[in-house]
Amino acid sequence: MAEIKIKNLHKEFGTGEDKVVALEDVNLEITGHSFVSIVGPSGCGKSTLLNILTGIETPTNGTVEITSDGHVAAPGYVFQAARLLPWRTVTDNLLFVQEDRSDETKKRCQRYLEMVQLGDKGDKFPGELSGGMQQRVGIARAFSIEPDVLFMDEPFSHLDAITARALRRELHHMWDETKKMVVFVTHDVGEAVELSNRILVFAKGGSLEDDIQIDLPFPRDPADDEVAVAKAHVLRKFEELDLLAS
Amino acid sequence: MTVTETRPSAAGRSQPTPSPAQRLIAMPVRIAKSPHSARVLFPIALFVVWLLSLAAVEEIWPFAVDVLPTPSEVGGFMWDEFVTDTLARKNLYETFFISLRRLMSGFAIAMVLGTGLGLAMGLSRATNAFCHDWTMAILAMPALAWALFNSIIFGFDDRGPILTVILAGIPFVIVNVREGVRNTPRELFDMARSFQVPQSKIIRHVLVPSLMPFMFAAARYCFSIGWKGLVIAEVFGGQDGAGWTIKFWYDAHRAHGVVGYAAFFVIFAILFERLVFEPVSRRAFRWRPQLQTEVVEEAFGEHHEHYGEDHHGEGEAARR
């Protein structure tokens, strides 16, 4: 079972007068098959937190432990833009992040491509696919390494509403099927309520302001009354914390 | 709240299919506008301009007629050279072999040294600061100056022309590779690192392919600039080769020889582009979406010729 433990996490950029505090004294624990969304206004340190969790950036102070059954957990990452290698085919993009190119690995990659409805696009180059398809490949790539934890940084923010909704459904289905932990950064409260069982609200300056549990059954329809009420509840929290203006 | 829904009719959405007569009328226009036609039309236009120029000069300055070569004289000369019936010391094939050997030696050295220097300048600010002005100075120096300088230093052997090719081509390689390194997609490196891909694999699959377009541009520039530099070097500091042979015909006061040999030169450069650079480029960059120039042409009103195409297909969306 995957587990994330963050203790007294602090991150600053620059020095002197140019110093910017991105994260301030964040303490947090996430365990098991959870779907956790991190929400907050622009500049609240959402992406910085994700970059620290994935090792792209190092913290100024504090510790981060990501384990799975006592071992260091393997992370997967879905980015805001798909970040595919344009000179490699869809299949090769998935194989690029694998440890080997064995038949078993190729079959696994194909299985995840089929899960995102792109089983027949393995020979295509990313430039031949739409933005939605490219993001699907990004999701398949992250799942294909069978990570213990999956980090997603606003993966649907560049897509149109209809494609984003379809992908949210696919993502939820894959999360449910693979029983992975997902840490999902978004600025869309509706998206967070639709997908998550836990929402972490960050404020400008990088402080963790609230930790909200959403105990509603899946799949959730945004038009459903209970989902709308949950969304209104989160937005009220935003108002209380004075986050809407920013 | 009331929501009203109106379905547009299918007839209103689809474009009318052109009749066979419309297609017949559209065909010559499409052929005339095609890039293939433009390529064929260019030598024809050149030939016509040549003939008209000869007629004009004959009218204005009759003495020049004996000097200016006619298309038939140049064609006859080229055929004689082609079948190795020549007055020059070496035939066409021997001459081009000598020049090509020099060109390829200089080209290979320029590519290797230029790539190394370009990588170092792209990766290190200090190296860039150290080499930048020298690179610009070499870039600004005309090939003629290198040719003269090298012929004085090395005399009439291979070293002068080869060094001229290197010096004429290397700044283009350095500048292109340096820009390639500066433009490497950092977000792809971050992606690879977050998936814990080994460094050697990142270099092979991310760094090298991202440099390829710049390397290819560098190779093209180096080849064409080096080719010109070589001819100049052979004119001044050679005892054989294409440049020396052009000068031979110049000294013999045979304008058709100068023009004919220059034409061989151009034909060779075009053939090399078509038979080597273009196929390699197509193969290496087959992942690239449709060329931007064609998209611009479509934006200026060419799209009406694509009757009935679905421009909203998801698979095509990223390309357009």
# chains A, B, ... in the order shown; residues from 1 in each chain; ligands from 1
call {"tool": "interface_residues", "arguments": {"of": "chain A", "to": "chain B", "cutoff": "9 Å", "atoms": "only C-alpha atoms", "output": "PDB file with N, CA and C atoms, in the first residue's frame"}}
result
ATOM      1  N   ASN A  51       6.272  18.915  -8.060  1.00  0.00           N
ATOM      2  CA  ASN A  51       7.656  18.786  -8.540  1.00  0.00           C
ATOM      3  C   ASN A  51       8.578  18.243  -7.453  1.00  0.00           C
ATOM      4  N   THR A  54       7.930  14.496  -7.034  1.00  0.00           N
ATOM      5  CA  THR A  54       8.472  13.655  -8.107  1.00  0.00           C
ATOM      6  C   THR A  54       9.986  13.785  -8.248  1.00  0.00           C
ATOM      7  N   GLY A  55      10.583  14.658  -7.450  1.00  0.00           N
ATOM      8  CA  GLY A  55      12.040  14.765  -7.465  1.00  0.00           C
ATOM      9  C   GLY A  55      12.580  15.729  -8.501  1.00  0.00           C
ATOM     10  N   ILE A  56      11.701  16.447  -9.206  1.00  0.00           N
ATOM     11  CA  ILE A  56      12.193  17.432 -10.187  1.00  0.00           C
ATOM     12  C   ILE A  56      12.820  18.613  -9.432  1.00  0.00           C
ATOM     13  N   ALA A  74       7.361   3.726  -6.611  1.00  0.00           N
ATOM     14  CA  ALA A  74       7.633   4.151  -7.989  1.00  0.00           C
ATOM     15  C   ALA A  74       6.563   5.161  -8.407  1.00  0.00           C
ATOM     16  N   PRO A  75       6.980   6.369  -8.828  1.00  0.00           N
ATOM     17  CA  PRO A  75       5.991   7.363  -9.219  1.00  0.00           C
ATOM     18  C   PRO A  75       5.725   7.375 -10.735  1.00  0.00           C
ATOM     19  N   GLY A  76       4.507   7.755 -11.090  1.00  0.00           N
ATOM     20  CA  GLY A  76       4.172   8.032 -12.493  1.00  0.00           C
ATOM     21  C   GLY A  76       3.722   9.474 -12.564  1.00  0.00           C
ATOM     22  N   TYR A  77       3.830  10.093 -13.744  1.00  0.00           N
ATOM     23  CA  TYR A  77       3.550  11.522 -13.831  1.00  0.00           C
ATOM     24  C   TYR A  77       2.766  11.821 -15.114  1.00  0.00           C
ATOM     25  N   VAL A  78       1.668  12.573 -14.948  1.00  0.00           N
ATOM     26  CA  VAL A  78       0.955  13.095 -16.128  1.00  0.00           C
ATOM     27  C   VAL A  78       1.038  14.614 -16.043  1.00  0.00           C
ATOM     28  N   PHE A  79       1.540  15.224 -17.119  1.00  0.00           N
ATOM     29  CA  PHE A  79       1.824  16.654 -17.098  1.00  0.00           C
ATOM     30  C   PHE A  79       0.660  17.459 -17.683  1.00  0.00           C
ATOM     31  N   ARG A  83       3.753  16.204 -23.144  1.00  0.00           N
ATOM     32  CA  ARG A  83       5.213  16.000 -23.114  1.00  0.00           C
ATOM     33  C   ARG A  83       5.613  14.660 -23.725  1.00  0.00           C
ATOM     34  N   LEU A  84       5.180  14.444 -24.951  1.00  0.00           N
ATOM     35  CA  LEU A  84       5.572  13.224 -25.664  1.00  0.00           C
ATOM     36  C   LEU A  84       6.785  13.554 -26.523  1.00  0.00           C
ATOM     37  N   LEU A  85       7.588  12.537 -26.822  1.00  0.00           N
ATOM     38  CA  LEU A  85       8.713  12.737 -27.737  1.00  0.00           C
ATOM     39  C   LEU A  85       8.128  12.775 -29.152  1.00  0.00           C
ATOM     40  N   PRO A  86       8.194  13.945 -29.831  1.00  0.00           N
ATOM     41  CA  PRO A  86       7.523  14.038 -31.134  1.00  0.00           C
ATOM     42  C   PRO A  86       8.120  13.130 -32.198  1.00  0.00           C
ATOM     43  N   TRP A  87       9.399  12.734 -32.012  1.00  0.00           N
ATOM     44  CA  TRP A  87      10.091  11.908 -33.009  1.00  0.00           C
ATOM     45  C   TRP A  87       9.941  10.418 -32.740  1.00  0.00           C
ATOM     46  N   ARG A  88       9.158  10.041 -31.754  1.00  0.00           N
ATOM     47  CA  ARG A  88       8.913   8.619 -31.474  1.00  0.00           C
ATOM     48  C   ARG A  88       7.427   8.332 -31.639  1.00  0.00           C
ATOM     49  N   THR A  89       7.109   7.108 -32.054  1.00  0.00           N
ATOM     50  CA  THR A  89       5.699   6.743 -32.201  1.00  0.00           C
ATOM     51  C   THR A  89       5.065   6.641 -30.817  1.00  0.00           C
ATOM     52  N   PHE A  96       9.734   4.181 -23.996  1.00  0.00           N
ATOM     53  CA  PHE A  96      10.847   5.030 -23.559  1.00  0.00           C
ATOM     54  C   PHE A  96      10.978   5.072 -22.029  1.00  0.00           C
ATOM     55  N   VAL A  97       9.850   5.039 -21.331  1.00  0.00           N
ATOM     56  CA  VAL A  97       9.920   5.168 -19.863  1.00  0.00           C
ATOM     57  C   VAL A  97       9.960   3.802 -19.153  1.00  0.00           C
ATOM     58  N   GLN A  98      10.026   2.716 -19.939  1.00  0.00           N
ATOM     59  CA  GLN A  98      10.073   1.371 -19.331  1.00  0.00           C
ATOM     60  C   GLN A  98      11.529   0.974 -19.076  1.00  0.00           C
ATOM     61  N   GLU A  99      11.693   0.014 -18.207  1.00  0.00           N
ATOM     62  CA  GLU A  99      13.049  -0.458 -17.910  1.00  0.00           C
ATOM     63  C   GLU A  99      13.584  -1.363 -19.019  1.00  0.00           C
ATOM     64  N   LYS A 124       1.353   5.643 -34.753  1.00  0.00           N
ATOM     65  CA  LYS A 124       1.254   7.067 -35.118  1.00  0.00           C
ATOM     66  C   LYS A 124       2.285   7.884 -34.350  1.00  0.00           C
ATOM     67  N   PHE A 125       2.675   9.028 -34.960  1.00  0.00           N
ATOM     68  CA  PHE A 125       3.524   9.976 -34.247  1.00  0.00           C
ATOM     69  C   PHE A 125       2.615  10.964 -33.502  1.00  0.00           C
ATOM     70  N   PRO A 126       3.083  11.536 -32.380  1.00  0.00           N
ATOM     71  CA  PRO A 126       2.236  12.459 -31.624  1.00  0.00           C
ATOM     72  C   PRO A 126       1.663  13.603 -32.474  1.00  0.00           C
ATOM     73  N   GLY A 127       2.455  14.092 -33.435  1.00  0.00           N
ATOM     74  CA  GLY A 127       1.992  15.185 -34.298  1.00  0.00           C
ATOM     75  C   GLY A 127       0.784  14.818 -35.136  1.00  0.00           C
ATOM     76  N   GLU A 128       0.509  13.514 -35.249  1.00  0.00           N
ATOM     77  CA  GLU A 128      -0.647  13.076 -36.040  1.00  0.00           C
ATOM     78  C   GLU A 128      -1.897  12.926 -35.170  1.00  0.00           C
ATOM     79  N   LEU A 129      -1.765  13.216 -33.880  1.00  0.00           N
ATOM     80  CA  LEU A 129      -2.895  13.040 -32.962  1.00  0.00           C
ATOM     81  C   LEU A 129      -3.407  14.398 -32.481  1.00  0.00           C
ATOM     82  N   SER A 130      -4.666  14.435 -32.060  1.00  0.00           N
ATOM     83  CA  SER A 130      -5.227  15.664 -31.488  1.00  0.00           C
ATOM     84  C   SER A 130      -4.690  15.854 -30.066  1.00  0.00           C
ATOM     85  N   GLY A 131      -4.958  17.037 -29.502  1.00  0.00           N
ATOM     86  CA  GLY A 131      -4.504  17.318 -28.144  1.00  0.00           C
ATOM     87  C   GLY A 131      -5.063  16.322 -27.139  1.00  0.00           C
ATOM     88  N   GLY A 132      -6.347  15.971 -27.299  1.00  0.00           N
ATOM     89  CA  GLY A 132      -6.982  15.010 -26.389  1.00  0.00           C
ATOM     90  C   GLY A 132      -6.333  13.644 -26.477  1.00  0.00           C
ATOM     91  N   MET A 133      -6.053  13.223 -27.714  1.00  0.00           N
ATOM     92  CA  MET A 133      -5.399  11.915 -27.909  1.00  0.00           C
ATOM     93  C   MET A 133      -4.001  11.916 -27.299  1.00  0.00           C
ATOM     94  N   ALA A 142       1.895   7.033 -18.132  1.00  0.00           N
ATOM     95  CA  ALA A 142       2.054   7.049 -16.669  1.00  0.00           C
ATOM     96  C   ALA A 142       1.572   5.738 -16.047  1.00  0.00           C
ATOM     97  N   ILE A 145       3.861   2.185 -16.501  1.00  0.00           N
ATOM     98  CA  ILE A 145       4.992   1.757 -15.665  1.00  0.00           C
ATOM     99  C   ILE A 145       4.470   1.159 -14.355  1.00  0.00           C
TER     100      ILE A 145
END
call {"tool": "residues_around", "arguments": {"residues": "Gln135 (chain A)", "least_positions_apart": "2", "cutoff": "12 Å", "atoms": "only C-alpha atoms", "output": "PDB file with N, CA, C and O atoms, in the first residue's frame"}}
result
ATOM      1  N   TYR A  77       3.830  10.093 -13.744  1.00  0.00           N
ATOM      2  CA  TYR A  77       3.550  11.522 -13.831  1.00  0.00           C
ATOM      3  C   TYR A  77       2.766  11.821 -15.114  1.00  0.00           C
ATOM      4  O   TYR A  77       3.142  11.392 -16.187  1.00  0.00           O
ATOM      5  N   VAL A  78       1.668  12.573 -14.948  1.00  0.00           N
ATOM      6  CA  VAL A  78       0.955  13.095 -16.128  1.00  0.00           C
ATOM      7  C   VAL A  78       1.038  14.614 -16.043  1.00  0.00           C
ATOM      8  O   VAL A  78       0.665  15.206 -15.023  1.00  0.00           O
ATOM      9  N   PHE A  79       1.540  15.224 -17.119  1.00  0.00           N
ATOM     10  CA  PHE A  79       1.824  16.654 -17.098  1.00  0.00           C
ATOM     11  C   PHE A  79       0.660  17.459 -17.683  1.00  0.00           C
ATOM     12  O   PHE A  79      -0.243  16.909 -18.312  1.00  0.00           O
ATOM     13  N   GLN A  80       0.784  18.775 -17.504  1.00  0.00           N
ATOM     14  CA  GLN A  80      -0.223  19.696 -18.055  1.00  0.00           C
ATOM     15  C   GLN A  80      -0.307  19.539 -19.583  1.00  0.00           C
ATOM     16  O   GLN A  80      -1.379  19.383 -20.139  1.00  0.00           O
ATOM     17  N   ALA A  81       0.857  19.595 -20.239  1.00  0.00           N
ATOM     18  CA  ALA A  81       0.932  19.246 -21.664  1.00  0.00           C
ATOM     19  C   ALA A  81       1.446  17.800 -21.706  1.00  0.00           C
ATOM     20  O   ALA A  81       2.129  17.377 -20.783  1.00  0.00           O
ATOM     21  N   ALA A  82       1.126  17.081 -22.767  1.00  0.00           N
ATOM     22  CA  ALA A  82       1.408  15.635 -22.762  1.00  0.00           C
ATOM     23  C   ALA A  82       2.900  15.306 -22.644  1.00  0.00           C
ATOM     24  O   ALA A  82       3.267  14.267 -22.116  1.00  0.00           O
ATOM     25  N   ARG A  83       3.753  16.204 -23.144  1.00  0.00           N
ATOM     26  CA  ARG A  83       5.213  16.000 -23.114  1.00  0.00           C
ATOM     27  C   ARG A  83       5.613  14.660 -23.725  1.00  0.00           C
ATOM     28  O   ARG A  83       6.295  13.844 -23.088  1.00  0.00           O
ATOM     29  N   LEU A  84       5.180  14.444 -24.951  1.00  0.00           N
ATOM     30  CA  LEU A  84       5.572  13.224 -25.664  1.00  0.00           C
ATOM     31  C   LEU A  84       6.785  13.554 -26.523  1.00  0.00           C
ATOM     32  O   LEU A  84       6.965  14.699 -26.942  1.00  0.00           O
ATOM     33  N   VAL A  90       3.745   6.513 -30.822  1.00  0.00           N
ATOM     34  CA  VAL A  90       3.002   6.408 -29.562  1.00  0.00           C
ATOM     35  C   VAL A  90       3.542   5.238 -28.726  1.00  0.00           C
ATOM     36  O   VAL A  90       3.848   5.388 -27.543  1.00  0.00           O
ATOM     37  N   LEU A 113      -2.698   1.305 -23.686  1.00  0.00           N
ATOM     38  CA  LEU A 113      -3.167   2.103 -24.832  1.00  0.00           C
ATOM     39  C   LEU A 113      -4.613   1.760 -25.137  1.00  0.00           C
ATOM     40  O   LEU A 113      -5.420   2.641 -25.476  1.00  0.00           O
ATOM     41  N   VAL A 116      -7.056   3.496 -22.861  1.00  0.00           N
ATOM     42  CA  VAL A 116      -7.383   4.899 -23.180  1.00  0.00           C
ATOM     43  C   VAL A 116      -7.919   5.022 -24.616  1.00  0.00           C
ATOM     44  O   VAL A 116      -7.869   6.095 -25.209  1.00  0.00           O
ATOM     45  N   GLN A 117      -8.425   3.934 -25.162  1.00  0.00           N
ATOM     46  CA  GLN A 117      -9.076   3.898 -26.494  1.00  0.00           C
ATOM     47  C   GLN A 117      -8.105   4.208 -27.642  1.00  0.00           C
ATOM     48  O   GLN A 117      -8.519   4.728 -28.672  1.00  0.00           O
ATOM     49  N   LEU A 118      -6.819   3.943 -27.455  1.00  0.00           N
ATOM     50  CA  LEU A 118      -5.857   4.243 -28.534  1.00  0.00           C
ATOM     51  C   LEU A 118      -5.079   2.989 -28.952  1.00  0.00           C
ATOM     52  O   LEU A 118      -3.941   3.090 -29.405  1.00  0.00           O
ATOM     53  N   PRO A 126       3.083  11.536 -32.380  1.00  0.00           N
ATOM     54  CA  PRO A 126       2.236  12.459 -31.624  1.00  0.00           C
ATOM     55  C   PRO A 126       1.663  13.603 -32.474  1.00  0.00           C
ATOM     56  O   PRO A 126       0.532  14.018 -32.262  1.00  0.00           O
ATOM     57  N   LEU A 129      -1.765  13.216 -33.880  1.00  0.00           N
ATOM     58  CA  LEU A 129      -2.895  13.040 -32.962  1.00  0.00           C
ATOM     59  C   LEU A 129      -3.407  14.398 -32.481  1.00  0.00           C
ATOM     60  O   LEU A 129      -2.666  15.381 -32.466  1.00  0.00           O
ATOM     61  N   SER A 130      -4.666  14.435 -32.060  1.00  0.00           N
ATOM     62  CA  SER A 130      -5.227  15.664 -31.488  1.00  0.00           C
ATOM     63  C   SER A 130      -4.690  15.854 -30.066  1.00  0.00           C
ATOM     64  O   SER A 130      -4.085  14.935 -29.489  1.00  0.00           O
ATOM     65  N   GLY A 131      -4.958  17.037 -29.502  1.00  0.00           N
ATOM     66  CA  GLY A 131      -4.504  17.318 -28.144  1.00  0.00           C
ATOM     67  C   GLY A 131      -5.063  16.322 -27.139  1.00  0.00           C
ATOM     68  O   GLY A 131      -4.344  15.858 -26.240  1.00  0.00           O
ATOM     69  N   GLY A 132      -6.347  15.971 -27.299  1.00  0.00           N
ATOM     70  CA  GLY A 132      -6.982  15.010 -26.389  1.00  0.00           C
ATOM     71  C   GLY A 132      -6.333  13.644 -26.477  1.00  0.00           C
ATOM     72  O   GLY A 132      -6.083  12.984 -25.459  1.00  0.00           O
ATOM     73  N   MET A 133      -6.053  13.223 -27.714  1.00  0.00           N
ATOM     74  CA  MET A 133      -5.399  11.915 -27.909  1.00  0.00           C
ATOM     75  C   MET A 133      -4.001  11.916 -27.299  1.00  0.00           C
ATOM     76  O   MET A 133      -3.584  10.933 -26.689  1.00  0.00           O
ATOM     77  N   VAL A 137      -2.383   9.513 -24.405  1.00  0.00           N
ATOM     78  CA  VAL A 137      -1.108   8.776 -24.466  1.00  0.00           C
ATOM     79  C   VAL A 137      -0.304   9.059 -23.198  1.00  0.00           C
ATOM     80  O   VAL A 137       0.290   8.159 -22.613  1.00  0.00           O
ATOM     81  N   GLY A 138      -0.320  10.342 -22.761  1.00  0.00           N
ATOM     82  CA  GLY A 138       0.382  10.712 -21.535  1.00  0.00           C
ATOM     83  C   GLY A 138      -0.140   9.934 -20.333  1.00  0.00           C
ATOM     84  O   GLY A 138       0.639   9.487 -19.486  1.00  0.00           O
ATOM     85  N   ILE A 139      -1.448   9.750 -20.275  1.00  0.00           N
ATOM     86  CA  ILE A 139      -2.052   9.002 -19.161  1.00  0.00           C
ATOM     87  C   ILE A 139      -1.656   7.524 -19.257  1.00  0.00           C
ATOM     88  O   ILE A 139      -1.254   6.910 -18.265  1.00  0.00           O
ATOM     89  N   ALA A 140      -1.736   6.976 -20.490  1.00  0.00           N
ATOM     90  CA  ALA A 140      -1.354   5.567 -20.680  1.00  0.00           C
ATOM     91  C   ALA A 140       0.113   5.349 -20.308  1.00  0.00           C
ATOM     92  O   ALA A 140       0.470   4.344 -19.692  1.00  0.00           O
ATOM     93  N   ARG A 141       0.979   6.324 -20.685  1.00  0.00           N
ATOM     94  CA  ARG A 141       2.407   6.218 -20.372  1.00  0.00           C
ATOM     95  C   ARG A 141       2.614   6.152 -18.850  1.00  0.00           C
ATOM     96  O   ARG A 141       3.374   5.318 -18.359  1.00  0.00           O
ATOM     97  N   ALA A 142       1.895   7.033 -18.132  1.00  0.00           N
ATOM     98  CA  ALA A 142       2.054   7.049 -16.669  1.00  0.00           C
ATOM     99  C   ALA A 142       1.572   5.738 -16.047  1.00  0.00           C
ATOM    100  O   ALA A 142       2.235   5.182 -15.172  1.00  0.00           O
ATOM    101  N   MET A 152      -0.530  13.936 -11.075  1.00  0.00           N
ATOM    102  CA  MET A 152      -1.104  14.563 -12.282  1.00  0.00           C
ATOM    103  C   MET A 152      -1.189  16.070 -12.068  1.00  0.00           C
ATOM    104  O   MET A 152      -1.779  16.533 -11.096  1.00  0.00           O
ATOM    105  N   ASP A 153      -0.574  16.834 -12.998  1.00  0.00           N
ATOM    106  CA  ASP A 153      -0.517  18.287 -12.867  1.00  0.00           C
ATOM    107  C   ASP A 153      -1.453  18.950 -13.881  1.00  0.00           C
ATOM    108  O   ASP A 153      -1.081  19.137 -15.039  1.00  0.00           O
ATOM    109  N   GLU A 154      -2.634  19.291 -13.474  1.00  0.00           N
ATOM    110  CA  GLU A 154      -3.652  19.924 -14.328  1.00  0.00           C
ATOM    111  C   GLU A 154      -3.680  19.284 -15.713  1.00  0.00           C
ATOM    112  O   GLU A 154      -3.529  19.980 -16.718  1.00  0.00           O
ATOM    113  N   PRO A 155      -3.884  17.993 -15.804  1.00  0.00           N
ATOM    114  CA  PRO A 155      -3.724  17.313 -17.096  1.00  0.00           C
ATOM    115  C   PRO A 155      -4.798  17.644 -18.128  1.00  0.00           C
ATOM    116  O   PRO A 155      -4.591  17.441 -19.314  1.00  0.00           O
ATOM    117  N   PHE A 156      -5.928  18.177 -17.667  1.00  0.00           N
ATOM    118  CA  PHE A 156      -7.013  18.438 -18.632  1.00  0.00           C
ATOM    119  C   PHE A 156      -7.249  19.926 -18.866  1.00  0.00           C
ATOM    120  O   PHE A 156      -8.222  20.299 -19.523  1.00  0.00           O
ATOM    121  N   SER A 157      -6.366  20.771 -18.312  1.00  0.00           N
ATOM    122  CA  SER A 157      -6.626  22.215 -18.387  1.00  0.00           C
ATOM    123  C   SER A 157      -6.481  22.768 -19.798  1.00  0.00           C
ATOM    124  O   SER A 157      -7.015  23.820 -20.114  1.00  0.00           O
ATOM    125  N   HIS A 158      -5.738  22.055 -20.676  1.00  0.00           N
ATOM    126  CA  HIS A 158      -5.550  22.554 -22.051  1.00  0.00           C
ATOM    127  C   HIS A 158      -6.612  22.021 -23.006  1.00  0.00           C
ATOM    128  O   HIS A 158      -6.589  22.334 -24.192  1.00  0.00           O
ATOM    129  N   LEU A 159      -7.517  21.186 -22.496  1.00  0.00           N
ATOM    130  CA  LEU A 159      -8.460  20.515 -23.393  1.00  0.00           C
ATOM    131  C   LEU A 159      -9.831  21.185 -23.367  1.00  0.00           C
ATOM    132  O   LEU A 159     -10.185  21.862 -22.399  1.00  0.00           O
ATOM    133  N   ASP A 160     -10.599  20.953 -24.413  1.00  0.00           N
ATOM    134  CA  ASP A 160     -11.962  21.481 -24.429  1.00  0.00           C
ATOM    135  C   ASP A 160     -12.811  20.708 -23.421  1.00  0.00           C
ATOM    136  O   ASP A 160     -12.454  19.592 -23.004  1.00  0.00           O
ATOM    137  N   THR A 163     -13.915  16.942 -24.303  1.00  0.00           N
ATOM    138  CA  THR A 163     -12.800  15.981 -24.253  1.00  0.00           C
ATOM    139  C   THR A 163     -12.338  15.783 -22.811  1.00  0.00           C
ATOM    140  O   THR A 163     -12.084  14.647 -22.383  1.00  0.00           O
ATOM    141  N   ALA A 164     -12.264  16.891 -22.055  1.00  0.00           N
ATOM    142  CA  ALA A 164     -11.810  16.795 -20.660  1.00  0.00           C
ATOM    143  C   ALA A 164     -12.757  15.911 -19.849  1.00  0.00           C
ATOM    144  O   ALA A 164     -12.317  15.088 -19.051  1.00  0.00           O
ATOM    145  N   ALA A 166     -14.690  13.474 -20.967  1.00  0.00           N
ATOM    146  CA  ALA A 166     -14.517  12.066 -21.371  1.00  0.00           C
ATOM    147  C   ALA A 166     -13.260  11.483 -20.717  1.00  0.00           C
ATOM    148  O   ALA A 166     -13.263  10.347 -20.239  1.00  0.00           O
ATOM    149  N   LEU A 167     -12.185  12.286 -20.702  1.00  0.00           N
ATOM    150  CA  LEU A 167     -10.933  11.788 -20.117  1.00  0.00           C
ATOM    151  C   LEU A 167     -11.034  11.620 -18.603  1.00  0.00           C
ATOM    152  O   LEU A 167     -10.428  10.714 -18.035  1.00  0.00           O
ATOM    153  N   ARG A 168     -11.807  12.497 -17.966  1.00  0.00           N
ATOM    154  CA  ARG A 168     -11.997  12.357 -16.516  1.00  0.00           C
ATOM    155  C   ARG A 168     -12.655  11.011 -16.208  1.00  0.00           C
ATOM    156  O   ARG A 168     -12.276  10.323 -15.266  1.00  0.00           O
ATOM    157  N   GLU A 170     -12.523   8.305 -18.091  1.00  0.00           N
ATOM    158  CA  GLU A 170     -11.543   7.226 -18.344  1.00  0.00           C
ATOM    159  C   GLU A 170     -10.555   7.119 -17.193  1.00  0.00           C
ATOM    160  O   GLU A 170     -10.225   6.027 -16.744  1.00  0.00           O
ATOM    161  N   LEU A 171     -10.099   8.294 -16.727  1.00  0.00           N
ATOM    162  CA  LEU A 171      -9.128   8.302 -15.634  1.00  0.00           C
ATOM    163  C   LEU A 171      -9.728   7.662 -14.380  1.00  0.00           C
ATOM    164  O   LEU A 171      -9.075   6.839 -13.722  1.00  0.00           O
TER     165      LEU A 171
END
call {"tool": "residues_around", "arguments": {"residues": "Asp210 (chain A)", "least_positions_apart": "2", "cutoff": "7 Å", "atoms": "only C-alpha atoms", "output": "MDAnalysis selection string"}}
result
chainID A and resid 200:201 208 212
call {"tool": "select_by_dssp", "arguments": {"residues": "region 85-253 of chain B", "states": "alpha helix (DSSP H)", "output": "PyMOL selection string"}}
result
chain B and resi 92-123+125-140+143-154+159-182+186-194+199-202+208-237+242-251
call {"tool": "atom_distance", "arguments": {"atom1": "CA of Val20 (chain A)", "atom2": "CA of Thr60 (chain A)"}}
result
11.8 Å
call {"tool": "residues_around", "arguments": {"residues": "Leu49 (chain A)", "least_positions_apart": "4", "cutoff": "8 Å", "atoms": "only C-alpha atoms", "output": "PDB file with N, CA and C atoms, in the first residue's frame"}}
result
ATOM      1  N   LEU A  23       6.154  27.212  -0.772  1.00  0.00           N
ATOM      2  CA  LEU A  23       5.457  26.297   0.143  1.00  0.00           C
ATOM      3  C   LEU A  23       5.905  26.617   1.566  1.00  0.00           C
ATOM      4  N   GLY A  45       1.557  27.212  -4.991  1.00  0.00           N
ATOM      5  CA  GLY A  45       2.571  26.173  -4.779  1.00  0.00           C
ATOM      6  C   GLY A  45       2.120  24.765  -5.139  1.00  0.00           C
ATOM      7  N   LEU A  53       7.525  16.283  -4.967  1.00  0.00           N
ATOM      8  CA  LEU A  53       7.135  14.879  -4.762  1.00  0.00           C
ATOM      9  C   LEU A  53       7.763  13.963  -5.817  1.00  0.00           C
TER      10      LEU A  53
END
call {"tool": "residues_around", "arguments": {"residues": "Asn8 (chain A)", "least_positions_apart": "5", "cutoff": "10 Å", "atoms": "only C-alpha atoms", "output": "PyMOL selection string"}}
result
chain A and resi 23-28+61-64
call {"tool": "residues_around", "arguments": {"residues": "Pro219 (chain A)", "least_positions_apart": "2", "cutoff": "9 Å", "atoms": "only C-alpha atoms", "output": "ChimeraX atom specification"}}
result
/A:169,172-173,194-195,216-217,221
call {"tool": "write_last_selection", "arguments": {"atoms": "C-alpha atoms", "output": "compact mmCIF listing (two decimals), in the first residue's frame"}}
result
# COMPACT_ATOMS: atom_id res chain seq x y z
CA ARG A 169 -14.32 9.36 -16.83
CA HIS A 172 -11.58 7.48 -12.88
CA HIS A 173 -12.22 4.07 -14.43
CA GLU A 194 -16.06 15.00 -9.47
CA LEU A 195 -12.89 12.91 -9.14
CA LEU A 216 -19.94 10.46 -2.24
CA PRO A 217 -20.28 7.34 -4.39
CA ASP A 221 -22.27 13.34 -12.25
